[in-house]
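Structure first, commentary second.
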Amino acid sequence: MAVLRKYKITFIGFIFGAVLGYAYWNYIGCMSGSCSITSSPINSTIYGSFMGAIFANIFQKDEKK
């Protein structure tokens, strides 16, 4: 639980990115199937979750000792 508390902002960004990645596939997506990221809901969700975590990590504060 200490890890979850420490990286709470990153975890929220991960979940939010996964939801946005799935929503992007669902509403916009790639109809031809030739797009590597948006042709599959799994790929789109995984990509969105990692991008959300990376973006949220910008706002993560470092602990000072």
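Ligands are numbered from 1 in the order shown, residues from 1 within each chain, and chains are lettered A, B, ... in the order they appear in the structure tokens.
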Fewer than 6 positions away in the same chain doesn't count, so skip those; otherwise give me all residues within 10 Å of Ser40 in chain A, counting only C-alpha atoms, as an mmCIF file with C-alpha atoms, in the first residue's frame.
```cif
data_model
loop_
_atom_site.group_PDB
_atom_site.id
_atom_site.type_symbol
_atom_site.label_atom_id
_atom_site.label_comp_id
_atom_site.auth_asym_id
_atom_site.auth_seq_id
_atom_site.Cartn_x
_atom_site.Cartn_y
_atom_site.Cartn_z
ATOM 1 C CA TYR A 22 -10.463 2.586 -25.022
ATOM 2 C CA TRP A 25 -10.747 3.122 -30.123
ATOM 3 C CA ASN A 26 -14.502 2.950 -29.595
ATOM 4 C CA GLY A 29 -10.528 4.048 -34.081
ATOM 5 C CA CYS A 30 -9.229 2.730 -37.372
ATOM 6 C CA GLY A 33 -7.362 -2.312 -39.522
#
```
Please list as a PDB file with C-alpha atoms, in the first residue's frame every residue within 6 Å of range 47-62 of chain A, counting only C-alpha atoms and excluding residues in the same chain fewer than 2 positions away.
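Output file selection.pdb is given in full below:
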```
ATOM      1  CA  THR A  10       0.768   8.152 -11.643  1.00  0.00           C
ATOM      2  CA  GLY A  13      -3.108   8.838 -14.799  1.00  0.00           C
ATOM      3  CA  PHE A  14      -2.675   5.174 -15.763  1.00  0.00           C
ATOM      4  CA  GLY A  17      -5.314   6.996 -19.852  1.00  0.00           C
ATOM      5  CA  ALA A  18      -6.662   3.458 -20.194  1.00  0.00           C
ATOM      6  CA  GLY A  21      -7.461   4.899 -24.943  1.00  0.00           C
ATOM      7  CA  SER A  44      -5.321   1.272 -27.752  1.00  0.00           C
ATOM      8  CA  THR A  45      -6.033   0.753 -24.049  1.00  0.00           C
TER       9      THR A  45
END
```
Give me every helix (DSSP H, G or I) residue in range 9-45 of chain A, going by DSSP on the backbone, as JSON, numbers by chain.
-> {"A": [9, 10, 11, 12, 13, 14, 15, 16, 17, 18, 19, 20, 21, 22, 23, 24, 25, 26, 27, 41, 42, 43, 44, 45]}
Give the answer as one residue: which of A:Ile9, A:Pro41, A:Ala2, A:Phe16 has the shortest atom-to-atom distance to Ile28 in chain A, using only C-alpha atoms?
->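 Ranked by minimum distance to Ile28 in chain A, first place goes to A:Pro41.
Atom to atom, CA of Ala23 in chain A and CA of Ser36 in chain A stand 16.3 Å apart.
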How far is it from CA of Ile46 in chain A to CA of Tyr24 in chain A, in Å with one decimal?
-> 11.9 Å
